[in-house]
Amino acid sequence: MPTSIPDRTIESAPAACRSTSRHASWRHPAIDISAGAARREIRSTLSAWDLAEIADAAELCVSELVTNAITHARHPDATFQLDLVRHGDHLLVAVSDVDGSAVPHLRIPEDGDEHGRGLLIVRALSTAWGVAYSNDGLKTVWCRLETHVTSESVRQLAS
């Protein structure tokens, strides 16, 4: 199985998000420090796109999706690709990797569990989320955010 990301991540995204008005993409090694870099890239890009009001929600979704990609990476030289797509009133966040063996799914963690809440957070903050697979092993976990979500909305969900 390859350990790099093919350059067609957006093909795995929902059809409504493929025709883009804006698109940014980054590739990172699947190591812990990449999560912080991804959060900084998202915040900077959303500021440049005049979408700073949804930066908190987008950053939290990116953090959860990237952390999952890093946690489940099976090769020491594994990478992931982060795509950010603005289309109309929606923002698509997509994280792709080549580890199709780890199938993301929602679960209800037990009180003492240290893991298992990430996709619940993504579901709470997004209007839709999903997983897409390509024939060559690329797995893309994506979520769609409305561009009018505010930081106050994120704080209310967190409390």
# chains A, B, ... in the order shown; residues from 1 in each chain; ligands from 1
>>> residues_around(residues="stretch 125-140 of chain A", least_positions_apart="5", cutoff="7 Å", atoms="only C-alpha atoms", output="ChimeraX atom specification")
/A:12,57,94-100,145-146
>>> select_by_dssp(residues="stretch 49-84 of chain A", states="strand (DSSP E)", output="PyMOL selection string")
chain A and resi 79-84
>>> write_last_selection(atoms="all heavy atoms", output="PDB file, in the first residue's frame")
ATOM      1  N   THR A  79       1.811   9.924   5.502  1.00  0.00           N
ATOM      2  CA  THR A  79       1.439  11.328   5.396  1.00  0.00           C
ATOM      3  C   THR A  79      -0.081  11.442   5.379  1.00  0.00           C
ATOM      4  O   THR A  79      -0.791  10.454   5.217  1.00  0.00           O
ATOM      5  CB  THR A  79       1.989  11.965   4.102  1.00  0.00           C
ATOM      6  OG1 THR A  79       1.432  11.302   2.976  1.00  0.00           O
ATOM      7  CG2 THR A  79       3.511  11.890   4.058  1.00  0.00           C
ATOM      8  N   PHE A  80      -0.551  12.656   5.546  1.00  0.00           N
ATOM      9  CA  PHE A  80      -1.970  12.942   5.346  1.00  0.00           C
ATOM     10  C   PHE A  80      -2.069  14.254   4.584  1.00  0.00           C
ATOM     11  O   PHE A  80      -1.136  15.057   4.565  1.00  0.00           O
ATOM     12  CB  PHE A  80      -2.742  13.003   6.670  1.00  0.00           C
ATOM     13  CG  PHE A  80      -2.376  14.163   7.547  1.00  0.00           C
ATOM     14  CD1 PHE A  80      -3.016  15.393   7.420  1.00  0.00           C
ATOM     15  CD2 PHE A  80      -1.390  14.027   8.509  1.00  0.00           C
ATOM     16  CE1 PHE A  80      -2.665  16.462   8.247  1.00  0.00           C
ATOM     17  CE2 PHE A  80      -1.042  15.078   9.334  1.00  0.00           C
ATOM     18  CZ  PHE A  80      -1.682  16.304   9.194  1.00  0.00           C
ATOM     19  N   GLN A  81      -3.191  14.449   3.952  1.00  0.00           N
ATOM     20  CA  GLN A  81      -3.438  15.690   3.223  1.00  0.00           C
ATOM     21  C   GLN A  81      -4.657  16.358   3.838  1.00  0.00           C
ATOM     22  O   GLN A  81      -5.657  15.706   4.128  1.00  0.00           O
ATOM     23  CB  GLN A  81      -3.695  15.408   1.744  1.00  0.00           C
ATOM     24  CG  GLN A  81      -3.906  16.681   0.942  1.00  0.00           C
ATOM     25  CD  GLN A  81      -3.856  16.410  -0.547  1.00  0.00           C
ATOM     26  OE1 GLN A  81      -2.958  15.717  -1.012  1.00  0.00           O
ATOM     27  NE2 GLN A  81      -4.800  16.964  -1.280  1.00  0.00           N
ATOM     28  N   LEU A  82      -4.554  17.651   4.035  1.00  0.00           N
ATOM     29  CA  LEU A  82      -5.644  18.463   4.567  1.00  0.00           C
ATOM     30  C   LEU A  82      -6.111  19.396   3.464  1.00  0.00           C
ATOM     31  O   LEU A  82      -5.305  20.110   2.872  1.00  0.00           O
ATOM     32  CB  LEU A  82      -5.147  19.265   5.776  1.00  0.00           C
ATOM     33  CG  LEU A  82      -6.055  20.368   6.315  1.00  0.00           C
ATOM     34  CD1 LEU A  82      -7.387  19.798   6.795  1.00  0.00           C
ATOM     35  CD2 LEU A  82      -5.344  21.113   7.445  1.00  0.00           C
ATOM     36  N   ASP A  83      -7.395  19.351   3.166  1.00  0.00           N
ATOM     37  CA  ASP A  83      -7.982  20.248   2.169  1.00  0.00           C
ATOM     38  C   ASP A  83      -9.058  21.094   2.816  1.00  0.00           C
ATOM     39  O   ASP A  83      -9.839  20.605   3.642  1.00  0.00           O
ATOM     40  CB  ASP A  83      -8.601  19.449   1.020  1.00  0.00           C
ATOM     41  CG  ASP A  83      -7.552  18.845   0.126  1.00  0.00           C
ATOM     42  OD1 ASP A  83      -7.056  19.560  -0.752  1.00  0.00           O
ATOM     43  OD2 ASP A  83      -7.225  17.661   0.326  1.00  0.00           O
ATOM     44  N   LEU A  84      -9.090  22.333   2.430  1.00  0.00           N
ATOM     45  CA  LEU A  84     -10.085  23.281   2.889  1.00  0.00           C
ATOM     46  C   LEU A  84     -10.714  23.884   1.644  1.00  0.00           C
ATOM     47  O   LEU A  84     -10.006  24.418   0.787  1.00  0.00           O
ATOM     48  CB  LEU A  84      -9.394  24.365   3.723  1.00  0.00           C
ATOM     49  CG  LEU A  84     -10.251  25.327   4.505  1.00  0.00           C
ATOM     50  CD1 LEU A  84     -11.073  24.582   5.541  1.00  0.00           C
ATOM     51  CD2 LEU A  84      -9.366  26.365   5.188  1.00  0.00           C
TER      52      LEU A  84
END
>>> closest_residue(among="A:Gly118, A:Ser44, A:Cys143, A:Ala37", to="A:Thr67", atoms="only C-alpha atoms")
A:Gly118
>>> select_by_dssp(residues="stretch 22-116 of chain A", states="helix (DSSP H, G or I)", output="compact mmCIF listing (two decimals) with N, CA, C and O atoms, in the first residue's frame")
# COMPACT_ATOMS: atom_id res chain seq x y z
N ILE A 33 3.37 16.70 15.81
CA ILE A 33 3.50 18.16 15.62
C ILE A 33 2.72 18.66 14.41
O ILE A 33 2.46 19.85 14.30
N SER A 34 2.31 17.77 13.53
CA SER A 34 1.56 18.19 12.35
C SER A 34 0.16 18.69 12.71
O SER A 34 -0.41 19.51 11.98
N ALA A 35 -0.40 18.23 13.80
CA ALA A 35 -1.73 18.70 14.20
C ALA A 35 -1.70 20.20 14.50
O ALA A 35 -2.60 20.94 14.07
N GLY A 36 -0.69 20.66 15.20
CA GLY A 36 -0.57 22.09 15.49
C GLY A 36 -0.37 22.90 14.22
O GLY A 36 -0.95 23.98 14.06
N ALA A 37 0.45 22.40 13.31
CA ALA A 37 0.66 23.09 12.04
C ALA A 37 -0.64 23.19 11.26
O ALA A 37 -0.96 24.24 10.68
N ALA A 38 -1.43 22.12 11.24
CA ALA A 38 -2.71 22.13 10.53
C ALA A 38 -3.66 23.15 11.13
O ALA A 38 -4.34 23.89 10.40
N ARG A 39 -3.71 23.25 12.45
CA ARG A 39 -4.59 24.23 13.10
C ARG A 39 -4.17 25.65 12.73
O ARG A 39 -5.02 26.51 12.44
N ARG A 40 -2.88 25.92 12.72
CA ARG A 40 -2.40 27.26 12.36
C ARG A 40 -2.73 27.58 10.90
O ARG A 40 -3.13 28.71 10.59
N GLU A 41 -2.57 26.61 10.02
CA GLU A 41 -2.88 26.84 8.60
C GLU A 41 -4.35 27.16 8.39
O GLU A 41 -4.70 28.06 7.63
N ILE A 42 -5.20 26.43 9.09
CA ILE A 42 -6.64 26.66 8.96
C ILE A 42 -7.01 28.05 9.45
O ILE A 42 -7.72 28.80 8.78
N ARG A 43 -6.52 28.41 10.62
CA ARG A 43 -6.86 29.73 11.18
C ARG A 43 -6.37 30.85 10.26
O ARG A 43 -7.11 31.79 9.98
N SER A 44 -5.16 30.75 9.76
CA SER A 44 -4.60 31.76 8.87
C SER A 44 -5.40 31.85 7.57
O SER A 44 -5.72 32.94 7.09
N THR A 45 -5.72 30.71 7.00
CA THR A 45 -6.46 30.70 5.73
C THR A 45 -7.87 31.26 5.90
O THR A 45 -8.32 32.06 5.09
N LEU A 46 -8.55 30.87 6.97
CA LEU A 46 -9.90 31.38 7.18
C LEU A 46 -9.89 32.88 7.42
O LEU A 46 -10.80 33.59 6.99
N SER A 47 -8.87 33.38 8.08
CA SER A 47 -8.74 34.82 8.26
C SER A 47 -8.57 35.51 6.91
O SER A 47 -9.22 36.51 6.62
N ALA A 48 -7.73 34.96 6.05
CA ALA A 48 -7.51 35.54 4.73
C ALA A 48 -8.77 35.46 3.86
O ALA A 48 -8.98 36.32 2.99
N ALA A 52 -13.04 34.37 9.65
CA ALA A 52 -12.49 34.20 10.99
C ALA A 52 -13.57 33.79 12.00
O ALA A 52 -13.26 33.13 13.00
N GLU A 53 -14.83 34.14 11.73
CA GLU A 53 -15.90 33.82 12.68
C GLU A 53 -16.15 32.31 12.81
O GLU A 53 -16.73 31.87 13.79
N ILE A 54 -15.70 31.52 11.85
CA ILE A 54 -15.88 30.06 11.98
C ILE A 54 -14.55 29.35 12.27
O ILE A 54 -14.50 28.13 12.27
N ALA A 55 -13.51 30.12 12.53
CA ALA A 55 -12.19 29.53 12.74
C ALA A 55 -12.17 28.57 13.93
O ALA A 55 -11.54 27.51 13.85
N ASP A 56 -12.86 28.89 15.01
CA ASP A 56 -12.86 28.01 16.18
C ASP A 56 -13.47 26.65 15.86
O ASP A 56 -12.90 25.60 16.18
N ALA A 57 -14.62 26.65 15.20
CA ALA A 57 -15.28 25.40 14.84
C ALA A 57 -14.44 24.61 13.84
O ALA A 57 -14.25 23.40 13.98
N ALA A 58 -13.93 25.29 12.82
CA ALA A 58 -13.11 24.61 11.81
C ALA A 58 -11.83 24.06 12.42
O ALA A 58 -11.42 22.93 12.12
N GLU A 59 -11.21 24.83 13.28
CA GLU A 59 -9.96 24.39 13.91
C GLU A 59 -10.20 23.16 14.78
O GLU A 59 -9.39 22.22 14.79
N LEU A 60 -11.30 23.13 15.49
CA LEU A 60 -11.61 21.98 16.33
C LEU A 60 -11.88 20.73 15.47
O LEU A 60 -11.38 19.64 15.77
N CYS A 61 -12.62 20.90 14.38
CA CYS A 61 -12.87 19.76 13.47
C CYS A 61 -11.57 19.27 12.86
O CYS A 61 -11.31 18.06 12.80
N VAL A 62 -10.73 20.19 12.40
CA VAL A 62 -9.44 19.82 11.82
C VAL A 62 -8.60 19.08 12.84
O VAL A 62 -8.00 18.04 12.54
N SER A 63 -8.56 19.58 14.05
CA SER A 63 -7.78 18.95 15.10
C SER A 63 -8.22 17.50 15.32
O SER A 63 -7.38 16.59 15.41
N GLU A 64 -9.52 17.27 15.37
CA GLU A 64 -10.02 15.91 15.59
C GLU A 64 -9.73 15.00 14.40
O GLU A 64 -9.28 13.86 14.58
N LEU A 65 -9.96 15.48 13.18
CA LEU A 65 -9.74 14.64 11.99
C LEU A 65 -8.26 14.35 11.77
O LEU A 65 -7.88 13.22 11.43
N VAL A 66 -7.43 15.36 11.97
CA VAL A 66 -5.98 15.16 11.80
C VAL A 66 -5.44 14.23 12.88
O VAL A 66 -4.63 13.34 12.59
N THR A 67 -5.89 14.41 14.11
CA THR A 67 -5.44 13.53 15.19
C THR A 67 -5.80 12.08 14.88
O THR A 67 -4.98 11.17 15.12
N ASN A 68 -6.98 11.85 14.34
CA ASN A 68 -7.35 10.48 13.96
C ASN A 68 -6.41 9.94 12.89
O ASN A 68 -5.97 8.78 12.96
N ALA A 69 -6.09 10.76 11.89
CA ALA A 69 -5.18 10.31 10.82
C ALA A 69 -3.80 9.97 11.39
O ALA A 69 -3.19 8.98 11.01
N ILE A 70 -3.32 10.80 12.31
CA ILE A 70 -2.01 10.57 12.92
C ILE A 70 -2.05 9.32 13.81
O ILE A 70 -1.16 8.47 13.74
N THR A 71 -3.09 9.20 14.62
CA THR A 71 -3.21 8.08 15.56
C THR A 71 -3.25 6.74 14.84
O THR A 71 -2.67 5.76 15.30
>>> closest_residue(among="A:Ile31, A:Leu91, A:Ala124, A:Ala24", to="A:Asp77", atoms="only C-alpha atoms")
A:Ile31
>>> atom_distance(atom1="atom CA of A:His87", atom2="atom CA of A:Asp32")
29.7 Å
>>> closest_residue(among="A:Val141, A:Leu92, A:Val103, A:Ile121", to="A:His72", atoms="only C-alpha atoms")
A:Val103
